[in-house]
file upload.cif (mmCIF, C-alpha atoms)
data_coords
#
loop_
_atom_site.group_PDB
_atom_site.id
_atom_site.type_symbol
_atom_site.label_atom_id
_atom_site.label_comp_id
_atom_site.auth_asym_id
_atom_site.auth_seq_id
_atom_site.Cartn_x
_atom_site.Cartn_y
_atom_site.Cartn_z
ATOM 1 C CA MET A 1 -16.895 -36.739 -111.971
ATOM 2 C CA ALA A 2 -14.074 -37.274 -114.441
ATOM 3 C CA HIS A 3 -14.992 -39.238 -117.503
ATOM 4 C CA GLN A 4 -12.058 -41.597 -116.886
ATOM 5 C CA THR A 5 -13.818 -42.991 -113.817
ATOM 6 C CA ILE A 6 -14.724 -46.629 -114.392
ATOM 7 C CA ILE A 7 -18.187 -47.750 -113.312
ATOM 8 C CA HIS A 8 -18.691 -51.279 -112.022
ATOM 9 C CA ALA A 9 -22.320 -52.321 -111.662
ATOM 10 C CA SER A 10 -23.930 -55.690 -111.045
ATOM 11 C CA PRO A 11 -27.351 -57.006 -110.030
ATOM 12 C CA VAL A 12 -27.937 -58.222 -106.487
ATOM 13 C CA ALA A 13 -30.910 -59.679 -104.650
ATOM 14 C CA GLU A 14 -33.777 -57.372 -105.658
ATOM 15 C CA GLY A 15 -31.435 -54.498 -106.368
ATOM 16 C CA VAL A 16 -28.150 -53.348 -107.816
ATOM 17 C CA ARG A 17 -24.587 -52.657 -106.750
ATOM 18 C CA VAL A 18 -22.923 -49.609 -108.328
ATOM 19 C CA GLN A 19 -19.303 -48.692 -107.750
ATOM 20 C CA ILE A 20 -18.086 -45.307 -108.989
ATOM 21 C CA GLY A 21 -14.609 -44.351 -107.867
ATOM 22 C CA SER A 22 -14.420 -44.480 -104.079
ATOM 23 C CA ALA A 23 -18.165 -44.917 -103.493
ATOM 24 C CA THR A 24 -20.050 -48.206 -103.681
ATOM 25 C CA ALA A 25 -23.836 -47.978 -103.414
ATOM 26 C CA PHE A 26 -26.202 -50.865 -102.703
ATOM 27 C CA ALA A 27 -29.917 -50.308 -103.324
ATOM 28 C CA VAL A 28 -32.647 -52.925 -102.914
ATOM 29 C CA ARG A 29 -36.426 -52.977 -102.979
ATOM 30 C CA ARG A 30 -37.791 -53.975 -99.580
ATOM 31 C CA GLU A 31 -40.981 -55.809 -98.708
ATOM 32 C CA SER A 32 -42.598 -52.467 -97.857
ATOM 33 C CA LYS A 33 -41.877 -51.428 -101.496
ATOM 34 C CA ASP A 34 -39.544 -48.627 -100.435
ATOM 35 C CA ILE A 35 -35.868 -48.564 -101.439
ATOM 36 C CA SER A 36 -33.171 -49.354 -98.898
ATOM 37 C CA LEU A 37 -29.810 -47.727 -99.663
ATOM 38 C CA ARG A 38 -26.342 -48.264 -98.247
ATOM 39 C CA ILE A 39 -23.145 -46.390 -99.174
ATOM 40 C CA ARG A 40 -19.733 -47.909 -98.614
ATOM 41 C CA ARG A 41 -16.571 -45.852 -98.907
ATOM 42 C CA GLU A 42 -13.501 -47.705 -100.175
ATOM 43 C CA TYR A 43 -10.529 -46.966 -102.396
ATOM 44 C CA HIS A 44 -9.319 -49.356 -105.097
ATOM 45 C CA THR A 45 -5.857 -48.032 -105.886
ATOM 46 C CA ALA A 46 -4.401 -51.407 -106.879
ATOM 47 C CA ARG A 47 -7.445 -52.355 -108.931
ATOM 48 C CA ASP A 48 -7.470 -49.028 -110.756
ATOM 49 C CA ALA A 49 -3.782 -49.440 -111.574
ATOM 50 C CA MET A 50 -4.236 -53.042 -112.788
ATOM 51 C CA GLU A 51 -7.086 -52.028 -115.089
ATOM 52 C CA ARG A 52 -4.586 -49.970 -117.086
ATOM 53 C CA VAL A 53 -2.083 -52.814 -117.584
ATOM 54 C CA PRO A 54 -2.599 -54.829 -120.811
ATOM 55 C CA PHE A 55 -3.359 -58.546 -120.309
ATOM 56 C CA VAL A 56 -3.422 -58.136 -116.512
ATOM 57 C CA ARG A 57 -6.739 -56.294 -116.842
ATOM 58 C CA GLY A 58 -8.253 -59.328 -118.565
ATOM 59 C CA ILE A 59 -7.532 -61.542 -115.566
ATOM 60 C CA LEU A 60 -8.829 -58.780 -113.298
ATOM 61 C CA ARG A 61 -12.018 -58.492 -115.341
ATOM 62 C CA LEU A 62 -12.647 -62.217 -114.975
ATOM 63 C CA ALA A 63 -11.989 -62.331 -111.230
ATOM 64 C CA ALA A 64 -13.393 -58.953 -110.188
ATOM 65 C CA GLY A 65 -16.733 -59.534 -111.889
ATOM 66 C CA THR A 66 -17.298 -62.659 -109.791
ATOM 67 C CA VAL A 67 -16.059 -60.999 -106.594
ATOM 68 C CA ASP A 68 -18.271 -57.934 -107.132
ATOM 69 C CA PHE A 69 -21.334 -60.108 -107.687
ATOM 70 C CA MET A 70 -20.747 -62.192 -104.541
ATOM 71 C CA ASP A 71 -20.026 -59.043 -102.531
ATOM 72 C CA GLY A 72 -23.238 -57.461 -103.776
ATOM 73 C CA VAL A 73 -25.345 -60.496 -102.938
ATOM 74 C CA ALA A 74 -23.893 -60.691 -99.414
ATOM 75 C CA GLU A 75 -24.269 -56.963 -98.735
ATOM 76 C CA SER A 76 -27.776 -56.702 -100.176
ATOM 77 C CA ALA A 77 -28.987 -59.563 -97.975
ATOM 78 C CA GLN A 78 -28.405 -57.317 -94.949
ATOM 79 C CA LEU A 79 -30.800 -54.735 -96.410
ATOM 80 C CA ARG A 80 -33.739 -57.167 -96.186
ATOM 81 C CA PRO A 81 -34.821 -57.342 -99.858
ATOM 82 C CA GLN A 82 -38.406 -58.202 -100.687
ATOM 83 C CA HIS A 83 -39.498 -61.792 -101.191
ATOM 84 C CA ILE A 84 -39.797 -62.220 -104.935
ATOM 85 C CA VAL A 85 -41.663 -65.528 -104.781
ATOM 86 C CA LYS A 86 -44.924 -65.780 -102.918
ATOM 87 C CA GLY A 87 -45.355 -69.384 -104.010
ATOM 88 C CA SER A 88 -48.374 -71.535 -104.610
ATOM 89 C CA ARG A 89 -50.310 -72.987 -101.684
ATOM 90 C CA PHE A 90 -48.312 -76.208 -101.975
ATOM 91 C CA GLU A 91 -45.004 -74.307 -102.070
ATOM 92 C CA GLN A 92 -45.991 -72.240 -99.039
ATOM 93 C CA ARG A 93 -46.889 -75.337 -97.034
ATOM 94 C CA PHE A 94 -43.709 -77.084 -98.149
ATOM 95 C CA ALA A 95 -41.660 -74.034 -97.118
ATOM 96 C CA GLU A 96 -43.385 -73.911 -93.713
ATOM 97 C CA LEU A 97 -42.556 -77.582 -93.194
ATOM 98 C CA PHE A 98 -38.820 -76.853 -93.490
ATOM 99 C CA ARG A 99 -39.122 -73.409 -91.839
ATOM 100 C CA VAL A 100 -37.900 -71.465 -94.843
ATOM 101 C CA ASP A 101 -39.580 -68.786 -96.930
ATOM 102 C CA PRO A 102 -40.756 -69.635 -100.463
ATOM 103 C CA THR A 103 -38.080 -67.414 -102.000
ATOM 104 C CA GLY A 104 -35.296 -69.315 -100.245
ATOM 105 C CA MET A 105 -36.844 -72.621 -101.242
ATOM 106 C CA VAL A 106 -37.108 -71.590 -104.901
ATOM 107 C CA ALA A 107 -33.544 -70.225 -104.824
ATOM 108 C CA ALA A 108 -32.276 -73.556 -103.477
ATOM 109 C CA GLY A 109 -34.240 -75.386 -106.162
ATOM 110 C CA SER A 110 -32.765 -73.124 -108.818
ATOM 111 C CA ALA A 111 -29.252 -73.861 -107.557
ATOM 112 C CA ILE A 112 -29.938 -77.588 -107.845
ATOM 113 C CA VAL A 113 -31.296 -77.174 -111.375
ATOM 114 C CA ILE A 114 -28.232 -75.132 -112.391
ATOM 115 C CA ILE A 115 -25.874 -77.813 -111.071
ATOM 116 C CA VAL A 116 -27.840 -80.569 -112.832
ATOM 117 C CA LEU A 117 -27.807 -78.659 -116.132
ATOM 118 C CA LEU A 118 -24.079 -77.916 -115.983
ATOM 119 C CA VAL A 119 -23.079 -81.420 -114.930
ATOM 120 C CA GLY A 120 -25.454 -83.108 -117.357
ATOM 121 C CA LEU A 121 -24.936 -80.982 -120.475
ATOM 122 C CA VAL A 122 -21.288 -79.960 -120.075
ATOM 123 C CA LEU A 123 -19.739 -82.978 -118.332
ATOM 124 C CA LEU A 124 -21.762 -86.205 -118.374
ATOM 125 C CA GLY A 125 -23.444 -85.786 -121.765
ATOM 126 C CA PRO A 126 -20.226 -85.259 -123.791
ATOM 127 C CA TRP A 127 -18.459 -87.932 -121.710
ATOM 128 C CA ALA A 128 -21.182 -90.491 -122.493
ATOM 129 C CA LEU A 129 -21.069 -89.453 -126.148
ATOM 130 C CA ALA A 130 -17.318 -90.096 -126.334
ATOM 131 C CA LYS A 131 -17.560 -93.289 -124.280
ATOM 132 C CA TRP A 132 -20.404 -95.181 -125.940
ATOM 133 C CA VAL A 133 -21.661 -93.435 -129.062
ATOM 134 C CA LEU A 134 -18.655 -92.166 -131.016
ATOM 135 C CA PRO A 135 -16.647 -95.454 -130.867
ATOM 136 C CA ARG A 136 -19.352 -97.073 -133.027
ATOM 137 C CA TRP A 137 -18.432 -94.699 -135.847
ATOM 138 C CA GLU A 138 -14.794 -95.846 -135.792
ATOM 139 C CA LEU A 139 -13.508 -92.289 -135.590
ATOM 140 C CA SER A 140 -9.918 -91.398 -134.787
ATOM 141 C CA ARG A 141 -9.091 -90.185 -131.306
ATOM 142 C CA PRO A 142 -8.602 -86.522 -132.408
ATOM 143 C CA ALA A 143 -11.944 -86.613 -134.241
ATOM 144 C CA MET A 144 -13.699 -88.033 -131.159
ATOM 145 C CA ASN A 145 -12.141 -85.339 -128.970
ATOM 146 C CA ALA A 146 -13.262 -82.651 -131.408
ATOM 147 C CA VAL A 147 -16.865 -83.920 -131.422
ATOM 148 C CA ALA A 148 -16.942 -84.231 -127.629
ATOM 149 C CA CYS A 149 -15.490 -80.710 -127.319
ATOM 150 C CA ALA A 150 -18.152 -79.330 -129.661
ATOM 151 C CA ALA A 151 -20.797 -81.089 -127.558
ATOM 152 C CA ARG A 152 -19.444 -79.408 -124.407
ATOM 153 C CA VAL A 153 -19.511 -75.976 -126.038
ATOM 154 C CA LEU A 154 -23.054 -76.594 -127.264
ATOM 155 C CA GLY A 155 -24.053 -77.768 -123.783
ATOM 156 C CA GLY A 156 -22.587 -74.599 -122.298
ATOM 157 C CA LEU A 157 -24.567 -72.432 -124.701
ATOM 158 C CA ILE A 158 -27.761 -74.340 -123.903
ATOM 159 C CA CYS A 159 -27.117 -73.773 -120.187
ATOM 160 C CA ALA A 160 -26.590 -70.063 -120.851
ATOM 161 C CA ALA A 161 -29.962 -69.992 -122.600
ATOM 162 C CA LEU A 162 -31.905 -72.039 -120.027
ATOM 163 C CA ILE A 163 -30.522 -70.851 -116.677
ATOM 164 C CA PRO A 164 -31.705 -67.210 -117.058
ATOM 165 C CA ARG A 165 -35.264 -68.554 -117.437
ATOM 166 C CA LEU A 166 -35.333 -69.757 -113.837
ATOM 167 C CA ARG A 167 -37.490 -67.519 -111.664
ATOM 168 C CA VAL A 168 -34.777 -66.281 -109.310
ATOM 169 C CA VAL A 169 -32.109 -65.934 -111.998
ATOM 170 C CA ASN A 170 -34.577 -64.129 -114.252
ATOM 171 C CA ARG A 171 -34.914 -61.370 -111.648
ATOM 172 C CA PHE A 172 -31.149 -60.853 -111.701
ATOM 173 C CA CYS A 173 -31.305 -60.638 -115.504
ATOM 174 C CA MET A 174 -34.020 -57.984 -115.267
ATOM 175 C CA TYR A 175 -31.941 -55.895 -112.872
ATOM 176 C CA ARG A 176 -29.009 -56.294 -115.255
ATOM 177 C CA GLY A 177 -31.270 -54.862 -117.937
ATOM 178 C CA ALA A 178 -32.036 -51.925 -115.642
ATOM 179 C CA ILE A 179 -28.317 -51.278 -115.160
ATOM 180 C CA ASN A 180 -27.675 -51.363 -118.899
ATOM 181 C CA LYS A 181 -30.545 -48.994 -119.635
ATOM 182 C CA LEU A 182 -29.251 -46.603 -117.009
ATOM 183 C CA LEU A 183 -25.681 -46.594 -118.301
ATOM 184 C CA ASN A 184 -26.837 -46.246 -121.920
ATOM 185 C CA ALA A 185 -29.005 -43.261 -120.969
ATOM 186 C CA THR A 186 -26.347 -41.433 -118.951
ATOM 187 C CA GLY A 187 -23.159 -42.510 -120.681
ATOM 188 C CA GLY A 188 -21.741 -42.928 -117.188
ATOM 189 C CA GLU A 189 -21.251 -39.164 -116.921
ATOM 190 C CA GLU A 190 -24.646 -37.582 -116.177
ATOM 191 C CA PRO A 191 -27.172 -37.832 -113.342
ATOM 192 C CA ALA A 192 -29.713 -40.572 -113.942
ATOM 193 C CA GLU A 193 -33.455 -40.147 -114.543
ATOM 194 C CA ARG A 194 -35.899 -43.007 -114.811
ATOM 195 C CA GLU A 195 -37.801 -41.463 -117.718
ATOM 196 C CA ARG A 196 -34.683 -41.278 -119.870
ATOM 197 C CA ALA A 197 -33.535 -44.745 -118.846
ATOM 198 C CA GLU A 198 -36.857 -46.294 -119.871
ATOM 199 C CA LYS A 199 -36.231 -45.218 -123.478
ATOM 200 C CA ALA A 200 -32.676 -46.586 -123.632
ATOM 201 C CA SER A 201 -31.646 -50.024 -124.863
ATOM 202 C CA ARG A 202 -31.291 -52.847 -122.374
ATOM 203 C CA LEU A 203 -28.265 -54.160 -124.290
ATOM 204 C CA THR A 204 -24.798 -52.755 -123.830
ATOM 205 C CA GLY A 205 -21.601 -52.929 -125.817
ATOM 206 C CA ARG A 206 -19.614 -53.956 -122.740
ATOM 207 C CA SER A 207 -20.797 -57.022 -120.852
ATOM 208 C CA ASP A 208 -18.630 -58.611 -118.179
ATOM 209 C CA ALA A 209 -21.028 -61.554 -117.916
ATOM 210 C CA ALA A 210 -20.766 -62.252 -121.657
ATOM 211 C CA PHE A 211 -16.988 -61.932 -121.360
ATOM 212 C CA VAL A 212 -16.897 -64.567 -118.605
ATOM 213 C CA ILE A 213 -18.986 -66.995 -120.678
ATOM 214 C CA THR A 214 -16.765 -66.395 -123.721
ATOM 215 C CA VAL A 215 -13.649 -67.174 -121.664
ATOM 216 C CA LEU A 216 -15.205 -70.353 -120.262
ATOM 217 C CA LEU A 217 -16.300 -71.610 -123.693
ATOM 218 C CA LEU A 218 -12.859 -70.981 -125.173
ATOM 219 C CA SER A 219 -11.310 -72.681 -122.144
ATOM 220 C CA VAL A 220 -13.399 -75.792 -122.812
ATOM 221 C CA ILE A 221 -11.897 -75.944 -126.301
ATOM 222 C CA ALA A 222 -8.388 -75.444 -124.912
ATOM 223 C CA PHE A 223 -8.914 -78.205 -122.325
ATOM 224 C CA ALA A 224 -9.487 -80.671 -125.172
ATOM 225 C CA LEU A 225 -6.146 -79.728 -126.730
ATOM 226 C CA VAL A 226 -4.028 -80.033 -123.579
ATOM 227 C CA ARG A 227 -3.752 -83.411 -121.879
ATOM 228 C CA THR A 228 -2.201 -84.201 -118.501
ATOM 229 C CA PHE A 229 -2.060 -87.434 -116.513
ATOM 230 C CA THR A 230 -2.387 -86.498 -112.846
ATOM 231 C CA LEU A 231 -5.311 -84.652 -111.312
ATOM 232 C CA PRO A 232 -3.297 -81.957 -109.422
ATOM 233 C CA VAL A 233 -1.333 -81.085 -112.553
ATOM 234 C CA GLN A 234 -4.505 -81.114 -114.613
ATOM 235 C CA LEU A 235 -6.248 -78.680 -112.247
ATOM 236 C CA LEU A 236 -3.235 -76.366 -112.212
ATOM 237 C CA VAL A 237 -2.878 -76.417 -115.999
ATOM 238 C CA ARG A 238 -6.566 -75.742 -116.527
ATOM 239 C CA ALA A 239 -6.540 -72.838 -114.081
ATOM 240 C CA LEU A 240 -3.598 -71.346 -115.953
ATOM 241 C CA ILE A 241 -5.382 -71.867 -119.263
ATOM 242 C CA VAL A 242 -8.427 -69.942 -118.043
ATOM 243 C CA LEU A 243 -6.267 -67.054 -116.830
ATOM 244 C CA ILE A 244 -4.231 -66.939 -120.049
ATOM 245 C CA ILE A 245 -7.362 -66.962 -122.212
ATOM 246 C CA ALA A 246 -8.921 -64.191 -120.114
ATOM 247 C CA ALA A 247 -5.752 -62.103 -120.431
ATOM 248 C CA VAL A 248 -5.427 -62.562 -124.197
ATOM 249 C CA VAL A 249 -9.091 -62.445 -125.248
ATOM 250 C CA ASN A 250 -9.855 -59.308 -123.257
ATOM 251 C CA GLU A 251 -7.535 -57.130 -125.334
ATOM 252 C CA PRO A 252 -9.298 -57.458 -128.728
ATOM 253 C CA ILE A 253 -12.725 -57.466 -127.053
ATOM 254 C CA ARG A 254 -11.834 -54.309 -125.128
ATOM 255 C CA LEU A 255 -10.635 -52.640 -128.318
ATOM 256 C CA LEU A 256 -13.861 -53.549 -130.124
ATOM 257 C CA GLU A 257 -15.969 -52.342 -127.194
ATOM 258 C CA HIS A 258 -14.314 -48.933 -127.350
ATOM 259 C CA HIS A 259 -15.075 -48.694 -131.088
ATOM 260 C CA ARG A 260 -18.428 -50.455 -131.098
ATOM 261 C CA LYS A 261 -20.061 -47.647 -133.107
ATOM 262 C CA ASN A 262 -17.918 -48.742 -136.039
ATOM 263 C CA LYS A 263 -19.817 -51.229 -138.245
ATOM 264 C CA VAL A 264 -16.890 -53.635 -138.505
ATOM 265 C CA ALA A 265 -16.341 -53.613 -134.731
ATOM 266 C CA ALA A 266 -20.072 -54.101 -134.152
ATOM 267 C CA ALA A 267 -20.074 -57.099 -136.487
ATOM 268 C CA LEU A 268 -17.107 -58.665 -134.683
ATOM 269 C CA LEU A 269 -18.871 -58.088 -131.366
ATOM 270 C CA SER A 270 -22.002 -59.896 -132.552
ATOM 271 C CA LEU A 271 -21.109 -63.041 -130.584
ATOM 272 C CA GLN A 272 -20.774 -61.015 -127.391
ATOM 273 C CA LEU A 273 -24.058 -59.263 -128.138
ATOM 274 C CA GLY A 274 -25.736 -62.625 -128.709
ATOM 275 C CA LEU A 275 -24.583 -63.850 -125.304
ATOM 276 C CA GLU A 276 -25.697 -60.547 -123.792
ATOM 277 C CA ARG A 277 -29.218 -61.107 -125.139
ATOM 278 C CA LEU A 278 -29.380 -64.399 -123.250
ATOM 279 C CA LEU A 279 -28.402 -62.762 -119.949
ATOM 280 C CA VAL A 280 -30.542 -59.599 -120.015
ATOM 281 C CA ARG A 281 -34.294 -59.132 -119.625
ATOM 282 C CA GLU A 282 -36.488 -56.052 -119.935
ATOM 283 C CA PRO A 283 -36.742 -54.535 -116.433
ATOM 284 C CA HIS A 284 -39.836 -53.361 -114.609
ATOM 285 C CA PRO A 285 -40.032 -49.547 -114.052
ATOM 286 C CA GLN A 286 -39.646 -50.121 -110.310
ATOM 287 C CA MET A 287 -36.349 -51.874 -111.000
ATOM 288 C CA LEU A 288 -35.168 -48.806 -112.883
ATOM 289 C CA GLU A 289 -35.997 -46.709 -109.806
ATOM 290 C CA VAL A 290 -33.707 -48.887 -107.709
ATOM 291 C CA ALA A 291 -30.900 -48.638 -110.272
ATOM 292 C CA VAL A 292 -31.293 -44.847 -110.504
ATOM 293 C CA CYS A 293 -31.144 -44.551 -106.713
ATOM 294 C CA ALA A 294 -27.914 -46.583 -106.468
ATOM 295 C CA TYR A 295 -26.247 -44.844 -109.418
ATOM 296 C CA ASN A 296 -26.993 -41.294 -108.259
ATOM 297 C CA ALA A 297 -25.962 -42.100 -104.691
ATOM 298 C CA ALA A 298 -22.627 -43.553 -105.812
ATOM 299 C CA ARG A 299 -22.062 -40.627 -108.185
ATOM 300 C CA GLU A 300 -22.766 -38.004 -105.530
ATOM 301 C CA ASN A 301 -20.593 -39.694 -102.899
ATOM 302 C CA ASN A 302 -17.607 -40.337 -105.150
ATOM 303 C CA GLN A 303 -14.532 -38.318 -104.171
#

call {"tool": "encode", "arguments": {"input": "upload.cif", "output": "structure tokens"}}
result
Amino acid sequence: MAHQTIIHASPVAEGVRVQIGSATAFAVRRESKDISLRIRREYHTARDAMERVPFVRGILRLAAGTVDFMDGVAESAQLRPQHIVKGSRFEQRFAELFRVDPTGMVAAGSAIVIIVLLVGLVLLGPWALAKWVLPRWELSRPAMNAVACAARVLGGLICAALIPRLRVVNRFCMYRGAINKLLNATGGEEPAERERAEKASRLTGRSDAAFVITVLLLSVIAFALVRTFTLPVQLLVRALIVLIIAAVVNEPIRLLEHHRKNKVAAALLSLQLGLERLLVREPHPQMLEVAVCAYNAARENNQ
């Protein structure tokens, strides 16, 4: 495999998705504790070309990371992953009442909690602060906007710290740790072995998830600086802002990621590394087995 080959890997339901060149491998742990593997052959000529174009590759990195994750979740569901939540007796009875398994019930509950956290800490909290609290201080309008913007950024960071603690999300974070250990151990160029991966760091110098959060936080700041009057125009402008920020921010981050062994570059990447720590957990050895299976399968089937 040529060293120029770009590896795209993301966690899925009880497994990982690894794309190396023309081969995409999905591996999940089943209820029987064995590993179910699926190989999908596909060529990404346009994507490979776009990843070499400055600024365009930032937008691609933002969009493709989300698309890869959703694709992995959908594909892995067909492989019948194990139920990660057995549930208490009350949860099992509650799940039986609505004819769902405890894992699905907990996943739905986690989705509700995520929505409540995002709406409460990023939208309603700062809005209430600007509406009822800040006017009592007789601040100027720019000062009120700045405080409300800072509150939104802080709320976003709190969400990034709390959401990975949810049971279902935490499993995804553990599989992300398995992916990082694997890539750190192999460098993306060698066959993978679980023993070597166990000794590697769970943190990586290149994190698409941290990049997405960075873009969203910077977009929140930009939203406070740009005002529009109609909702359609506002939505269009904000979408363009997100894309522009992704395109511009990716270039210096990409440069630092390629030189992360340099002390200055490592220091400048400290914010990214801090976000990465929030999104990654130490994986179980069995999770490393799943990651090794997907990685080696994709590597061997790449043409």

call {"tool": "closest_residue", "arguments": {"input": "upload.cif", "among": "A:Ala148, A:Arg61, A:Ser219, A:Val249", "to": "A:Ala128", "atoms": "only C-alpha atoms"}}
result
A:Ala148

call {"tool": "closest_residue", "arguments": {"input": "upload.cif", "among": "A:Ser76, A:Thr214, A:Gln272, A:Thr230", "to": "A:Ile245", "atoms": "all atoms listed in the file"}}
result
A:Thr214

call {"tool": "atom_distance", "arguments": {"input": "upload.cif", "atom1": "atom CA of A:Ser110", "atom2": "atom CA of A:Glu14"}}
result
16.1 Å

call {"tool": "residues_near_point", "arguments": {"input": "upload.cif", "point": "(-32.2, -55.2, -115.6)", "cutoff": "12 Å", "atoms": "all atoms listed in the file", "output": "NGL selection string"}}
result
:A and (9-17 or 169-183 or 197-198 or 200-204 or 276-277 or 279-292)

call {"tool": "atom_distance", "arguments": {"input": "upload.cif", "atom1": "atom CA of A:Ala161", "atom2": "atom CA of A:Leu275"}}
result
8.6 Å

call {"tool": "residues_around", "arguments": {"input": "upload.cif", "residues": "A:Arg29", "least_positions_apart": "4", "cutoff": "6 Å", "atoms": "all atoms listed in the file", "output": "NGL selection string"}}
result
:A and (14 or 33-35 or 81)

call {"tool": "atom_distance", "arguments": {"input": "upload.cif", "atom1": "atom CA of A:Ile20", "atom2": "atom CA of A:His8"}}
result
6.7 Å

call {"tool": "build_atoms", "arguments": {"input": "upload.cif", "residues": "stretch 225-243 of chain A", "atoms": "N, CA and C atoms", "output": "PDB file, in the frame of the given file"}}
result
ATOM      1  N   LEU A 225      -7.418 -79.710-126.001  1.00  0.00           N
ATOM      2  CA  LEU A 225      -6.146 -79.728-126.730  1.00  0.00           C
ATOM      3  C   LEU A 225      -4.953 -80.026-125.833  1.00  0.00           C
ATOM      4  N   VAL A 226      -5.132 -79.831-124.526  1.00  0.00           N
ATOM      5  CA  VAL A 226      -4.028 -80.033-123.579  1.00  0.00           C
ATOM      6  C   VAL A 226      -4.374 -81.210-122.670  1.00  0.00           C
ATOM      7  N   ARG A 227      -3.517 -82.220-122.670  1.00  0.00           N
ATOM      8  CA  ARG A 227      -3.752 -83.411-121.879  1.00  0.00           C
ATOM      9  C   ARG A 227      -2.688 -83.559-120.801  1.00  0.00           C
ATOM     10  N   THR A 228      -3.108 -83.895-119.595  1.00  0.00           N
ATOM     11  CA  THR A 228      -2.201 -84.201-118.501  1.00  0.00           C
ATOM     12  C   THR A 228      -2.638 -85.518-117.875  1.00  0.00           C
ATOM     13  N   PHE A 229      -1.793 -86.088-117.014  1.00  0.00           N
ATOM     14  CA  PHE A 229      -2.060 -87.434-116.513  1.00  0.00           C
ATOM     15  C   PHE A 229      -2.441 -87.476-115.040  1.00  0.00           C
ATOM     16  N   THR A 230      -2.042 -86.503-114.266  1.00  0.00           N
ATOM     17  CA  THR A 230      -2.387 -86.498-112.846  1.00  0.00           C
ATOM     18  C   THR A 230      -3.373 -85.372-112.561  1.00  0.00           C
ATOM     19  N   LEU A 231      -4.259 -85.623-111.617  1.00  0.00           N
ATOM     20  CA  LEU A 231      -5.311 -84.652-111.312  1.00  0.00           C
ATOM     21  C   LEU A 231      -4.766 -83.315-110.808  1.00  0.00           C
ATOM     22  N   PRO A 232      -3.806 -83.267-109.869  1.00  0.00           N
ATOM     23  CA  PRO A 232      -3.297 -81.957-109.422  1.00  0.00           C
ATOM     24  C   PRO A 232      -2.704 -81.146-110.562  1.00  0.00           C
ATOM     25  N   VAL A 233      -1.924 -81.802-111.426  1.00  0.00           N
ATOM     26  CA  VAL A 233      -1.333 -81.085-112.553  1.00  0.00           C
ATOM     27  C   VAL A 233      -2.418 -80.619-113.516  1.00  0.00           C
ATOM     28  N   GLN A 234      -3.411 -81.471-113.707  1.00  0.00           N
ATOM     29  CA  GLN A 234      -4.505 -81.114-114.613  1.00  0.00           C
ATOM     30  C   GLN A 234      -5.254 -79.891-114.107  1.00  0.00           C
ATOM     31  N   LEU A 235      -5.550 -79.831-112.814  1.00  0.00           N
ATOM     32  CA  LEU A 235      -6.248 -78.680-112.247  1.00  0.00           C
ATOM     33  C   LEU A 235      -5.403 -77.411-112.370  1.00  0.00           C
ATOM     34  N   LEU A 236      -4.118 -77.525-112.110  1.00  0.00           N
ATOM     35  CA  LEU A 236      -3.235 -76.366-112.212  1.00  0.00           C
ATOM     36  C   LEU A 236      -3.155 -75.867-113.649  1.00  0.00           C
ATOM     37  N   VAL A 237      -2.979 -76.791-114.588  1.00  0.00           N
ATOM     38  CA  VAL A 237      -2.878 -76.417-115.999  1.00  0.00           C
ATOM     39  C   VAL A 237      -4.162 -75.761-116.482  1.00  0.00           C
ATOM     40  N   ARG A 238      -5.290 -76.306-116.079  1.00  0.00           N
ATOM     41  CA  ARG A 238      -6.566 -75.742-116.527  1.00  0.00           C
ATOM     42  C   ARG A 238      -6.810 -74.367-115.922  1.00  0.00           C
ATOM     43  N   ALA A 239      -6.410 -74.171-114.682  1.00  0.00           N
ATOM     44  CA  ALA A 239      -6.540 -72.838-114.081  1.00  0.00           C
ATOM     45  C   ALA A 239      -5.678 -71.831-114.832  1.00  0.00           C
ATOM     46  N   LEU A 240      -4.475 -72.233-115.189  1.00  0.00           N
ATOM     47  CA  LEU A 240      -3.598 -71.346-115.953  1.00  0.00           C
ATOM     48  C   LEU A 240      -4.167 -71.062-117.339  1.00  0.00           C
ATOM     49  N   ILE A 241      -4.778 -72.058-117.939  1.00  0.00           N
ATOM     50  CA  ILE A 241      -5.382 -71.867-119.263  1.00  0.00           C
ATOM     51  C   ILE A 241      -6.485 -70.815-119.198  1.00  0.00           C
ATOM     52  N   VAL A 242      -7.332 -70.910-118.187  1.00  0.00           N
ATOM     53  CA  VAL A 242      -8.427 -69.942-118.043  1.00  0.00           C
ATOM     54  C   VAL A 242      -7.877 -68.530-117.884  1.00  0.00           C
ATOM     55  N   LEU A 243      -6.846 -68.375-117.057  1.00  0.00           N
ATOM     56  CA  LEU A 243      -6.267 -67.054-116.830  1.00  0.00           C
ATOM     57  C   LEU A 243      -5.604 -66.511-118.098  1.00  0.00           C
TER      58      LEU A 243
END
